[in-house]
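S.K.: This is the content of data.txt (compact mmCIF, C-alpha atoms and all ligand atoms):
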# COMPACT_ATOMS: atom_id res chain seq x y z
CA MET V 103 93.48 104.32 23.80
CA SER V 104 97.07 103.40 24.48
CA ILE V 105 97.89 101.78 27.79
CA THR V 106 101.23 102.64 29.33
CA PRO V 107 102.11 100.22 32.12
CA ARG V 108 102.75 102.06 35.38
CA THR V 109 105.47 99.61 36.31
CA SER V 110 107.32 96.67 34.89
CA THR V 111 107.93 94.73 38.10
CA THR V 112 106.10 91.43 38.08
CA LEU V 113 105.12 89.50 41.22
CA THR V 114 107.83 86.96 40.34
CA GLN V 115 110.51 89.65 40.13
CA PHE V 116 109.30 91.20 43.37
CA LEU V 117 109.53 87.85 45.16
CA ILE V 118 113.02 87.18 43.80
CA GLU V 119 114.16 90.59 45.05
CA GLN V 120 112.65 89.92 48.47
CA ARG V 121 114.39 86.56 48.60
CA ARG V 122 117.79 88.18 48.07
CA ARG V 123 117.47 89.35 51.68
CA PHE V 124 117.72 85.68 52.73
CA PRO V 125 120.63 84.17 50.80
CA GLY V 126 120.01 80.74 52.35
CA ALA V 127 116.34 80.57 51.32
CA SER V 128 115.38 77.56 49.22
CA GLY V 129 112.85 79.31 47.00
CA ASP V 130 110.04 77.16 48.41
CA PHE V 131 108.27 80.15 49.86
CA ASN V 132 108.34 82.11 46.59
CA ALA V 133 107.08 79.11 44.70
CA LEU V 134 104.23 78.75 47.20
CA ILE V 135 103.18 82.38 46.77
CA LEU V 136 103.23 81.95 42.99
CA ASP V 137 101.00 78.88 43.32
CA VAL V 138 98.60 80.89 45.47
CA ALA V 139 98.67 83.67 42.86
CA MET V 140 97.89 81.10 40.15
CA ALA V 141 94.87 79.89 42.13
CA CYS V 142 93.70 83.50 42.44
CA LYS V 143 94.08 84.05 38.68
CA ALA V 144 92.03 80.93 38.00
CA ILE V 145 89.33 82.11 40.43
CA ALA V 146 89.39 85.60 38.88
CA LYS V 147 88.71 84.03 35.51
CA SER V 148 85.73 82.01 36.78
CA VAL V 149 84.34 85.02 38.63
CA ALA V 150 84.69 87.15 35.49
CA TYR V 151 82.83 84.63 33.30
CA GLY V 152 79.90 84.58 35.75
CA ALA V 153 76.64 83.49 34.15
CA LEU V 154 78.41 82.84 30.81
CA ALA V 155 80.05 79.81 32.39
CA ASP V 156 77.11 78.94 34.65
CA MET V 157 79.08 80.18 37.66
CA LEU V 158 76.33 81.95 39.61
CA GLY V 159 73.95 80.51 42.19
CA ASN V 160 74.12 77.89 44.87
CA HIS V 161 75.99 74.63 44.82
CA PRO V 162 74.79 72.13 43.67
CA GLY V 163 72.87 73.61 40.78
CA ASP V 164 69.90 71.26 41.19
CA GLY V 165 68.63 73.56 43.93
CA SER V 166 69.06 71.06 46.79
CA GLY V 167 71.86 73.24 48.17
CA SER V 168 74.99 72.33 50.10
CA VAL V 169 76.02 73.72 53.46
CA ASN V 170 79.51 74.17 54.90
CA VAL V 171 80.67 73.38 58.44
CA GLN V 172 79.51 76.85 59.56
CA GLY V 173 75.95 76.12 58.41
CA GLU V 174 76.23 78.55 55.47
CA THR V 175 74.83 77.73 52.05
CA GLN V 176 77.68 77.26 49.60
CA LYS V 177 77.73 79.04 46.28
CA LYS V 178 79.01 77.22 43.21
CA LEU V 179 81.95 79.61 43.24
CA ASP V 180 82.72 78.91 46.92
CA VAL V 181 83.19 75.24 46.09
CA LEU V 182 85.04 75.85 42.82
CA SER V 183 87.38 78.38 44.43
CA ASN V 184 88.15 75.94 47.22
CA ASP V 185 88.93 73.22 44.66
CA LEU V 186 91.19 75.60 42.72
CA PHE V 187 93.14 76.54 45.85
CA ILE V 188 93.66 72.86 46.64
CA ARG V 189 94.54 71.83 43.12
CA MET V 190 97.02 74.66 42.54
CA ASN V 191 98.74 74.26 45.91
CA GLU V 192 98.89 70.56 46.80
CA TRP V 193 101.31 69.42 44.12
CA GLY V 194 104.18 71.90 44.55
CA GLY V 195 105.90 70.27 47.52
CA HIS V 196 105.82 73.44 49.62
CA LEU V 197 102.91 72.57 51.93
CA ALA V 198 102.30 70.10 54.73
CA GLY V 199 98.57 70.83 54.77
CA MET V 200 95.76 73.26 54.19
CA ALA V 201 92.61 74.44 55.96
CA SER V 202 89.73 76.44 54.56
CA GLU V 203 86.36 77.93 55.37
CA GLU V 204 84.78 75.41 53.03
CA MET V 205 86.32 72.25 54.56
CA ASP V 206 85.31 70.82 57.94
CA GLY V 207 88.80 69.66 58.91
CA PRO V 208 92.41 70.04 57.81
CA TYR V 209 93.45 68.85 54.35
CA PRO V 210 96.68 66.82 54.42
CA ILE V 211 98.87 66.65 51.33
CA PRO V 212 97.80 63.39 49.61
CA GLU V 213 100.06 60.31 49.75
CA GLY V 214 102.44 60.28 46.81
CA LEU V 215 102.86 64.05 46.70
CA GLN V 216 105.83 65.76 48.32
CA ARG V 217 105.33 67.50 51.67
CA GLY V 218 106.78 70.90 52.45
CA LYS V 219 107.30 73.11 55.46
CA TYR V 220 104.31 75.49 55.29
CA LEU V 221 100.61 75.42 56.07
CA LEU V 222 98.12 77.36 53.95
CA VAL V 223 94.86 78.61 55.45
CA PHE V 224 92.29 80.35 53.27
CA ASP V 225 88.86 81.78 52.71
CA PRO V 226 88.54 80.82 49.03
CA LEU V 227 85.82 83.37 48.32
CA ASP V 228 85.00 86.12 50.78
CA GLY V 229 81.76 88.02 50.33
CA SER V 230 80.29 85.26 48.22
CA SER V 231 76.77 86.37 49.08
CA ASN V 232 77.59 89.21 46.65
CA ILE V 233 78.41 86.92 43.73
CA ASP V 234 74.96 86.85 42.20
CA VAL V 235 74.68 90.67 42.32
CA ASN V 236 78.08 91.28 40.68
CA VAL V 237 79.73 93.05 43.60
CA SER V 238 83.44 92.63 44.40
CA VAL V 239 84.53 89.44 46.14
CA GLY V 240 87.99 88.13 47.00
CA SER V 241 90.17 85.32 48.37
CA ILE V 242 92.04 85.65 51.67
CA PHE V 243 95.09 83.54 52.62
CA SER V 244 97.51 83.03 55.47
CA VAL V 245 100.84 81.14 55.44
CA LEU V 246 102.05 79.47 58.64
CA ARG V 247 105.04 77.24 59.37
CA ALA V 248 104.15 73.56 59.77
CA PRO V 249 105.34 71.87 62.96
CA ARG V 250 108.52 69.88 62.33
CA ALA V 251 106.83 66.52 63.16
CA VAL V 252 104.31 67.07 60.36
CA VAL V 253 106.97 68.13 57.84
CA GLU V 254 108.80 64.90 58.69
CA GLY V 255 105.77 62.73 57.94
CA GLY V 256 103.66 62.80 61.11
CA ALA V 257 99.89 63.08 60.87
CA LEU V 258 98.44 66.54 60.26
CA THR V 259 96.09 67.60 63.04
CA THR V 260 93.76 70.53 63.64
CA THR V 261 95.97 71.83 66.45
CA ASP V 262 98.86 72.34 63.99
CA PHE V 263 96.91 75.37 62.76
CA PHE V 264 96.40 76.87 66.23
CA GLN V 265 99.07 79.53 65.82
CA SER V 266 98.52 83.17 66.68
CA GLY V 267 98.32 85.72 63.85
CA ALA V 268 101.69 87.10 64.92
CA GLU V 269 103.25 83.83 63.78
CA GLN V 270 102.08 84.20 60.17
CA VAL V 271 104.93 84.06 57.66
CA ALA V 272 102.87 85.84 55.02
CA ALA V 273 99.30 86.85 54.39
CA GLY V 274 97.31 88.49 51.67
CA TYR V 275 94.23 88.61 49.57
CA ALA V 276 93.10 88.79 45.97
CA LEU V 277 90.28 91.14 45.12
CA TYR V 278 88.08 90.40 42.12
CA GLY V 279 86.76 93.88 41.41
CA PRO V 280 86.88 96.18 38.39
CA THR V 281 90.51 95.04 38.26
CA THR V 282 91.89 91.91 39.88
CA MET V 283 94.48 92.74 42.52
CA LEU V 284 96.76 90.72 44.76
CA VAL V 285 97.77 92.38 48.01
CA LEU V 286 100.57 90.70 49.87
CA SER V 287 102.75 91.02 52.94
CA VAL V 288 105.71 88.77 53.57
CA GLY V 289 106.42 90.66 56.78
CA GLN V 290 108.09 93.68 55.14
CA GLY V 291 105.25 96.08 54.45
CA VAL V 292 102.27 95.61 52.16
CA HIS V 293 102.41 95.64 48.38
CA GLY V 294 99.64 95.61 45.80
CA PHE V 295 99.78 94.01 42.35
CA THR V 296 97.28 94.49 39.55
CA LEU V 297 96.58 91.64 37.16
CA ASP V 298 97.41 92.42 33.56
CA PRO V 299 94.72 90.22 32.03
CA VAL V 300 96.48 89.88 28.67
CA MET V 301 99.92 89.05 30.07
CA GLY V 302 98.38 86.99 32.88
CA GLU V 303 100.87 88.60 35.27
CA PHE V 304 100.42 90.43 38.53
CA MET V 305 102.31 93.74 38.17
CA LEU V 306 103.50 95.79 41.13
CA THR V 307 101.30 98.89 41.05
CA HIS V 308 100.95 99.81 44.74
CA ALA V 309 104.28 99.56 46.58
CA ASP V 310 104.48 99.98 50.34
CA LEU V 311 100.85 100.74 51.13
CA LYS V 312 100.07 102.66 54.33
CA VAL V 313 96.73 103.01 56.11
CA PRO V 314 96.17 106.67 57.08
CA GLU V 315 96.14 106.94 60.89
CA ASP V 316 92.97 109.06 60.97
CA THR V 317 89.71 108.72 59.11
CA GLN V 318 86.17 110.03 58.80
CA GLU V 319 84.70 106.83 57.34
CA PHE V 320 83.39 103.77 59.15
CA ALA V 321 81.85 100.45 58.10
CA ILE V 322 79.46 98.37 60.17
CA ASN V 323 76.29 96.38 59.50
CA ALA V 324 73.84 98.74 61.23
CA SER V 325 71.02 96.18 61.10
CA ASN V 326 72.76 94.59 64.10
CA ALA V 327 72.66 97.82 66.13
CA ARG V 328 70.32 96.45 68.77
CA PHE V 329 72.77 93.61 69.47
CA TRP V 330 75.90 95.77 69.79
CA GLU V 331 77.77 96.06 73.04
CA ALA V 332 77.88 99.48 74.74
CA PRO V 333 81.38 100.56 73.55
CA VAL V 334 80.44 99.93 69.90
CA LYS V 335 77.10 101.75 70.31
CA ARG V 336 78.97 104.66 71.82
CA TYR V 337 81.52 104.80 69.00
CA VAL V 338 78.89 104.68 66.24
CA ASP V 339 76.62 107.17 68.02
CA GLU V 340 79.51 109.60 68.24
CA CYS V 341 80.30 109.17 64.53
CA LEU V 342 76.67 109.74 63.61
CA ALA V 343 76.47 112.83 65.79
CA GLY V 344 78.97 114.38 63.39
CA LYS V 345 80.18 117.96 63.62
CA THR V 346 77.93 118.92 66.51
CA GLY V 347 78.76 115.76 68.53
CA PRO V 348 81.76 114.92 70.71
CA ARG V 349 83.95 114.10 67.69
CA GLY V 350 83.39 117.52 66.13
CA LYS V 351 83.48 116.18 62.58
CA ASP V 352 81.15 114.47 60.12
CA PHE V 353 81.63 110.79 59.26
CA ASN V 354 80.76 108.87 56.13
CA MET V 355 79.53 105.25 56.24
CA ARG V 356 80.06 102.31 53.85
CA TRP V 357 79.03 98.63 53.97
CA ILE V 358 79.86 96.35 51.05
CA ALA V 359 79.33 93.03 52.90
CA SER V 360 82.60 91.77 51.40
CA MET V 361 85.11 92.16 54.21
CA VAL V 362 87.98 91.79 51.76
CA ALA V 363 86.70 94.71 49.68
CA GLU V 364 86.27 96.84 52.81
CA ALA V 365 89.84 95.97 53.82
CA HIS V 366 91.06 97.09 50.43
CA ARG V 367 89.18 100.39 50.61
CA ILE V 368 90.65 101.01 54.05
CA LEU V 369 94.14 100.19 52.79
CA MET V 370 93.68 102.68 49.96
CA ARG V 371 92.13 105.62 51.79
CA GLY V 372 91.73 104.80 55.48
CA GLY V 373 88.62 103.95 57.47
CA VAL V 374 87.52 101.63 60.20
CA PHE V 375 85.72 98.29 59.79
CA MET V 376 83.75 96.71 62.59
CA TYR V 377 82.14 93.31 62.87
CA PRO V 378 82.28 93.27 66.63
CA ARG V 379 81.23 90.62 69.10
CA ASP V 380 77.52 91.17 69.75
CA THR V 381 74.58 89.52 71.48
CA LYS V 382 72.78 88.32 68.33
CA GLU V 383 73.89 84.72 68.71
CA PRO V 384 75.55 84.62 72.12
CA GLU V 385 77.19 81.25 71.41
CA LYS V 386 79.11 82.85 68.50
CA PRO V 387 81.72 85.39 69.62
CA GLY V 388 81.58 87.40 66.39
CA ARG V 389 80.72 86.79 62.74
CA LEU V 390 84.12 86.52 61.08
CA ARG V 391 86.59 83.71 61.45
CA LEU V 392 89.94 84.09 63.18
CA LEU V 393 92.25 81.88 61.14
CA TYR V 394 91.33 82.77 57.57
CA GLU V 395 89.66 86.17 57.83
CA ALA V 396 90.75 88.13 60.94
CA ASN V 397 94.39 86.99 61.11
CA PRO V 398 95.45 87.55 57.49
CA ILE V 399 93.60 90.87 57.23
CA GLY V 400 94.97 91.83 60.66
CA PHE V 401 98.52 91.05 59.47
CA ILE V 402 98.03 93.21 56.37
CA MET V 403 96.60 96.09 58.41
CA GLU V 404 99.40 96.06 60.97
CA GLN V 405 102.06 95.73 58.27
CA ALA V 406 100.54 98.83 56.66
CA GLY V 407 100.66 100.81 59.91
CA GLY V 408 96.98 100.23 60.76
CA ARG V 409 95.60 98.17 63.64
CA ALA V 410 93.42 95.09 64.06
CA SER V 411 91.69 94.30 67.32
CA THR V 412 88.92 92.27 68.89
CA GLY V 413 88.04 95.47 70.76
CA ARG V 414 89.74 93.99 73.78
CA GLN V 415 93.10 92.82 72.47
CA ALA V 416 95.21 92.80 69.33
CA VAL V 417 93.83 90.19 66.96
CA LEU V 418 97.31 88.92 66.18
CA GLN V 419 97.83 88.00 69.85
CA VAL V 420 94.76 85.76 70.13
CA GLN V 421 95.59 82.09 70.71
CA PRO V 422 93.29 80.06 68.42
CA THR V 423 91.37 77.16 69.92
CA SER V 424 89.42 75.86 66.94
CA LEU V 425 89.74 75.84 63.17
CA HIS V 426 86.57 77.78 62.40
CA GLN V 427 86.66 79.95 65.51
CA ARG V 428 84.73 83.22 65.21
CA ILE V 429 85.91 86.47 66.67
CA GLY V 430 84.90 90.12 67.03
CA LEU V 431 86.92 92.18 64.57
CA VAL V 432 87.74 95.87 64.33
CA PHE V 433 90.45 97.06 61.95
CA GLY V 434 91.73 100.02 60.00
CA SER V 435 93.05 103.48 60.80
CA LYS V 436 95.12 103.18 63.95
CA ASN V 437 93.76 106.11 65.94
CA GLU V 438 90.13 105.03 65.44
CA VAL V 439 90.80 101.39 66.33
CA GLU V 440 92.66 102.51 69.47
CA ARG V 441 89.72 104.75 70.36
CA ILE V 442 87.32 101.79 70.08
CA GLU V 443 89.66 99.72 72.25
CA ARG V 444 89.72 102.55 74.81
CA TYR V 445 85.91 102.63 74.88
CA HIS V 446 85.99 98.94 75.79
CA THR V 447 88.02 99.77 78.90
CA GLU V 448 86.09 102.86 80.03
CA PRO V 449 83.15 102.48 82.43
CA VAL V 450 79.66 102.46 80.89
CA LYS V 451 77.35 105.32 81.81
CA ILE V 452 73.88 103.90 82.58
CA GLU V 453 70.62 105.83 82.45
CA ASN V 454 67.21 104.20 83.07
CA GLY V 455 68.94 100.82 82.85
CA ASN V 456 70.23 101.57 79.32
CA PRO V 457 73.81 102.32 78.32
CA LEU V 458 73.94 105.97 77.27
CA PHE V 459 76.71 107.90 75.63
CA ALA V 460 75.44 110.44 73.17
CA GLU V 461 72.68 113.02 73.35
CA ARG V 462 70.88 111.69 70.31
CA SER V 463 71.13 108.66 68.08
CA LEU V 464 69.63 107.36 64.86
CA PHE V 465 69.86 103.89 66.35
CA ARG V 466 68.02 104.58 69.58
CA ASP V 467 64.34 105.38 70.08
P1 LIG F 501 82.01 84.66 53.47
O1 LIG F 501 81.38 85.08 52.18
O2 LIG F 501 83.41 84.17 53.27
O3 LIG F 501 81.17 83.69 54.25
O4 LIG F 501 82.20 85.96 54.41
C1 LIG F 501 81.24 86.95 54.43
C2 LIG F 501 81.52 87.90 55.56
C3 LIG F 501 82.30 89.13 55.17
O5 LIG F 501 82.87 89.18 53.95
C4 LIG F 501 81.32 90.25 55.33
O6 LIG F 501 81.91 91.37 55.89
C5 LIG F 501 80.26 89.69 56.20
O7 LIG F 501 80.30 88.31 56.05
C6 LIG F 501 78.92 90.22 55.83
O8 LIG F 501 78.06 89.99 56.85
P2 LIG F 501 76.55 90.52 56.82
O9 LIG F 501 75.83 89.58 55.91
O10 LIG F 501 76.12 90.42 58.25
O11 LIG F 501 76.55 91.94 56.32
MN MN F 502 84.72 85.30 54.34
MN MN F 503 84.09 82.53 52.04
Could you write out this structure as structure tokens?
Ligand code: AHG
Ligand code: MN
Ligand code: MN
M.R.:
Amino acid sequence: MSITPRTSTTLTQFLIEQRRRFPGASGDFNALILDVAMACKAIAKSVAYGALADMLGNHPGDGSGSVNVQGETQKKLDVLSNDLFIRMNEWGGHLAGMASEEMDGPYPIPEGLQRGKYLLVFDPLDGSSNIDVNVSVGSIFSVLRAPRAVVEGGALTTTDFFQSGAEQVAAGYALYGPTTMLVLSVGQGVHGFTLDPVMGEFMLTHADLKVPEDTQEFAINASNARFWEAPVKRYVDECLAGKTGPRGKDFNMRWIASMVAEAHRILMRGGVFMYPRDTKEPEKPGRLRLLYEANPIGFIMEQAGGRASTGRQAVLQVQPTSLHQRIGLVFGSKNEVERIERYHTEPVKIENGNPLFAERSLFRD
């Protein structure tokens, strides 16, 4: 079989062309994105070797397990991916610090290495519970500007990262699926690159991605149905009611349990993803984390004409208050996300003390 490349634009060429819009730019930003891409390539390689390189299972391998600041058991690949992100990005002189799902606090650039003007926040491996079953996982990243005092040598603090999603300079993700892809926005639309594994280059294969405004596909972990708030119950009930319900059309459902893979599906063909605030663990306002999951994916969605919301407000407008802050997250096709937001503002109809919206439901007895 002969393989004809669909395009000859590499990530490097793409970044150079983008930079031409800013004649005064130093090139720091491009170099940073290329370092991030290098980390993703290294992670892709480890993910692809899997059991051949003893990459599966929990960290550490002796079975005693290690737990991150969120109380989640770390996989070997969670820890390795975090190390790769740090190693590939600390030396370049473009960053003043990093923060990650797998580190309790911020990571300052070590003494002796040059500091730069950006902050990098990342989820080194999203969906890592899927690693051992060979389902797609990915890395998610967000680039922020570092406060001037930190760039000039001041101490890096947690609050330096408390910037709303709207302030992101760039965001993206790598998806380690049947092909490895890098999806990136530098604030001018969303572009997808596919890794040519022989060349070791990300090639532009999906220029200017757009999320369709309407969809008939939704994604939610239905095992949490009894903990959902009324507006979410209503939305899902109406989807399940299909053609004969208030929506007048049938819906399809998907749940990969890798948010990054769901985001990619939605970017490719539309859909709506929900991990809303629920009553399962009332002290946790949602499952996903604001700074390295909701904000970068929210930025990508909005740059592609979709929408990202907590249900109550645009995700990108939320003012962060802690590094590992959790948040309810709904994103995808604009008209569906807006509908879910509208349901959050409409009064709840109560019958026999229970919120009621639809005539019949698979999730209600
Ligand atoms: P991570 O692997 O980085 O901890 O994130 C996993 C997240 C997300 O990717 C996914 O959508 C969600 O957790 C899955 O949650 P459930 O296990 O409740 O389905
Ligand atoms: Mn994650
Ligand atoms: Mn993770």
S.K.: Of the candidates V:Gly229, V:Gly279, V:Gly274, V:Pro333, which shows the shortest atom-to-atom distance to ligand MN 503 (chain F), using all atoms listed in the file?
M.R.: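 The closest residue to ligand MN 503 (chain F) is V:Gly229.
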S.K.: Considering only C-alpha atoms, return as a count of residues only whatever protein or nucleic-acid residues lie within 6 Å of V:Pro398, sequence-local ones (same chain, fewer than 3 positions apart) excluded.
M.R.: 4
S.K.: Using all atoms listed in the file, what are the residues with an atom within 7 Å of ligand MN 503 (chain F), set out as an MDAnalysis selection string?
M.R.: chainID V and resid 180 203 225:230
S.K.: Fewer than 3 positions away in the same chain doesn't count, so skip those; otherwise give me all residues within 6 Å of stretch 305-313 of chain V, counting all atoms listed in the file, as a PDB file with C-alpha atoms, keeping the file's coordinate frame.
M.R.:
ATOM      1  CA  THR V 111     107.930  94.730  38.100  1.00  0.00           C
ATOM      2  CA  THR V 112     106.100  91.430  38.080  1.00  0.00           C
ATOM      3  CA  LEU V 113     105.120  89.500  41.220  1.00  0.00           C
ATOM      4  CA  GLY V 291     105.250  96.080  54.450  1.00  0.00           C
ATOM      5  CA  VAL V 292     102.270  95.610  52.160  1.00  0.00           C
ATOM      6  CA  HIS V 293     102.410  95.640  48.380  1.00  0.00           C
ATOM      7  CA  GLY V 294      99.640  95.610  45.800  1.00  0.00           C
ATOM      8  CA  PHE V 295      99.780  94.010  42.350  1.00  0.00           C
ATOM      9  CA  THR V 296      97.280  94.490  39.550  1.00  0.00           C
ATOM     10  CA  LEU V 369      94.140 100.190  52.790  1.00  0.00           C
ATOM     11  CA  GLY V 372      91.730 104.800  55.480  1.00  0.00           C
ATOM     12  CA  ALA V 406     100.540  98.830  56.660  1.00  0.00           C
ATOM     13  CA  GLY V 407     100.660 100.810  59.910  1.00  0.00           C
ATOM     14  CA  GLY V 408      96.980 100.230  60.760  1.00  0.00           C
ATOM     15  CA  SER V 435      93.050 103.480  60.800  1.00  0.00           C
TER      16      SER V 435
END
S.K.: Would you kindly identify which residues have an atom no farther than 10 Å from (99.7, 67.5, 52.6), using all atoms listed in the file and the file's own coordinates, and write them out as JSON, numbers by chain?
M.R.: {"V": [191, 192, 193, 195, 196, 197, 198, 199, 200, 208, 209, 210, 211, 212, 213, 214, 215, 216, 217, 218, 219, 220, 221, 252, 253, 255, 257, 258]}
S.K.: Would you write out those residues with C-alpha atoms, as an mmCIF file, keeping the file's coordinate frame?
M.R.:
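Wrote it out as result-v6.cif, contents follow:
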data_model
loop_
_atom_site.group_PDB
_atom_site.id
_atom_site.type_symbol
_atom_site.label_atom_id
_atom_site.label_comp_id
_atom_site.auth_asym_id
_atom_site.auth_seq_id
_atom_site.Cartn_x
_atom_site.Cartn_y
_atom_site.Cartn_z
ATOM 1 C CA ASN V 191 98.740 74.260 45.910
ATOM 2 C CA GLU V 192 98.890 70.560 46.800
ATOM 3 C CA TRP V 193 101.310 69.420 44.120
ATOM 4 C CA GLY V 195 105.900 70.270 47.520
ATOM 5 C CA HIS V 196 105.820 73.440 49.620
ATOM 6 C CA LEU V 197 102.910 72.570 51.930
ATOM 7 C CA ALA V 198 102.300 70.100 54.730
ATOM 8 C CA GLY V 199 98.570 70.830 54.770
ATOM 9 C CA MET V 200 95.760 73.260 54.190
ATOM 10 C CA PRO V 208 92.410 70.040 57.810
ATOM 11 C CA TYR V 209 93.450 68.850 54.350
ATOM 12 C CA PRO V 210 96.680 66.820 54.420
ATOM 13 C CA ILE V 211 98.870 66.650 51.330
ATOM 14 C CA PRO V 212 97.800 63.390 49.610
ATOM 15 C CA GLU V 213 100.060 60.310 49.750
ATOM 16 C CA GLY V 214 102.440 60.280 46.810
ATOM 17 C CA LEU V 215 102.860 64.050 46.700
ATOM 18 C CA GLN V 216 105.830 65.760 48.320
ATOM 19 C CA ARG V 217 105.330 67.500 51.670
ATOM 20 C CA GLY V 218 106.780 70.900 52.450
ATOM 21 C CA LYS V 219 107.300 73.110 55.460
ATOM 22 C CA TYR V 220 104.310 75.490 55.290
ATOM 23 C CA LEU V 221 100.610 75.420 56.070
ATOM 24 C CA VAL V 252 104.310 67.070 60.360
ATOM 25 C CA VAL V 253 106.970 68.130 57.840
ATOM 26 C CA GLY V 255 105.770 62.730 57.940
ATOM 27 C CA ALA V 257 99.890 63.080 60.870
ATOM 28 C CA LEU V 258 98.440 66.540 60.260
#
S.K.: Write out as number ranges by chain each polymer residue whose atoms come within 7 Å of V:Gly289, counting only C-alpha atoms; drop sequence neighbours fewer than 2 positions from it.
M.R.: V: 271-272, 287, 291, 405
S.K.: Would you output that residue set with C-alpha atoms, as a CSV table (one decimal), in the frame of the given file?
M.R.:
chain,number,residue,atom,x,y,z
V,271,VAL,CA,104.9,84.1,57.7
V,272,ALA,CA,102.9,85.8,55.0
V,287,SER,CA,102.8,91.0,52.9
V,291,GLY,CA,105.2,96.1,54.4
V,405,GLN,CA,102.1,95.7,58.3
S.K.: So which residues touch V:Asn236 within 10 Å, counting all atoms listed in the file, skipping near sequence neighbours fewer than 3 positions away, as number ranges by chain?
M.R.: V: 149-150, 152, 158, 230-233, 239, 279
S.K.: With all atoms listed in the file as the atoms that count, which of V:Arg349, V:Lys143, V:Lys436, V:His426 lies nearest to ligand MN 502 (chain F)?
M.R.: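 Nearest candidate to ligand MN 502 (chain F) out of V:Arg349, V:Lys143, V:Lys436, V:His426: V:His426.
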S.K.: Tell me, as a PyMOL selection string, which residues lie within 8 Å of V:Tyr278, counting only C-alpha atoms; anything in the same chain fewer than 2 positions away does not count.
M.R.: chain V and resi 146+149+238-240+276+280-283
S.K.: How many Å lie between atom CA of V:Tyr151 and atom CA of V:Glu174, rounded to one decimal?
M.R.: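 Computing it gives 23.9 Å between the two atoms.
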S.K.: Output file request: stretch 240-251 of chain V, with N, CA, C and O atoms, as a compact mmCIF listing (two decimals), in the first residue's frame.
M.R.:
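Below is the file that was written, out-v7.txt:
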# COMPACT_ATOMS: atom_id res chain seq x y z
N GLY V 240 -4.97 10.57 26.55
CA GLY V 240 -4.36 11.76 25.95
C GLY V 240 -3.72 12.65 27.00
O GLY V 240 -3.80 12.38 28.20
N SER V 241 -3.07 13.71 26.54
CA SER V 241 -2.49 14.72 27.43
C SER V 241 -3.19 16.05 27.12
O SER V 241 -3.45 16.34 25.96
N ILE V 242 -3.47 16.82 28.16
CA ILE V 242 -4.16 18.10 27.97
C ILE V 242 -3.27 19.21 28.53
O ILE V 242 -2.70 19.05 29.62
N PHE V 243 -3.14 20.33 27.80
CA PHE V 243 -2.27 21.40 28.31
C PHE V 243 -2.86 22.78 28.08
O PHE V 243 -3.67 23.00 27.18
N SER V 244 -2.41 23.71 28.93
CA SER V 244 -2.88 25.08 28.89
C SER V 244 -1.68 25.99 29.11
O SER V 244 -0.84 25.72 29.98
N VAL V 245 -1.57 27.05 28.30
CA VAL V 245 -0.45 28.00 28.43
C VAL V 245 -1.01 29.33 28.93
O VAL V 245 -1.94 29.89 28.33
N LEU V 246 -0.44 29.81 30.02
CA LEU V 246 -0.83 31.10 30.61
C LEU V 246 0.39 32.02 30.62
O LEU V 246 1.53 31.54 30.52
N ARG V 247 0.15 33.32 30.76
CA ARG V 247 1.27 34.24 30.95
C ARG V 247 1.65 34.24 32.43
O ARG V 247 0.77 34.25 33.29
N ALA V 248 2.95 34.26 32.71
CA ALA V 248 3.40 34.33 34.10
C ALA V 248 3.36 35.80 34.55
O ALA V 248 3.68 36.69 33.76
N PRO V 249 2.98 36.04 35.81
CA PRO V 249 3.03 37.41 36.31
C PRO V 249 4.46 37.96 36.22
O PRO V 249 5.43 37.22 36.41
N ARG V 250 4.55 39.25 35.92
CA ARG V 250 5.86 39.87 35.68
C ARG V 250 6.85 39.61 36.84
O ARG V 250 8.02 39.29 36.61
N ALA V 251 6.34 39.70 38.09
CA ALA V 251 7.24 39.53 39.25
C ALA V 251 7.91 38.16 39.23
O ALA V 251 9.08 38.03 39.62
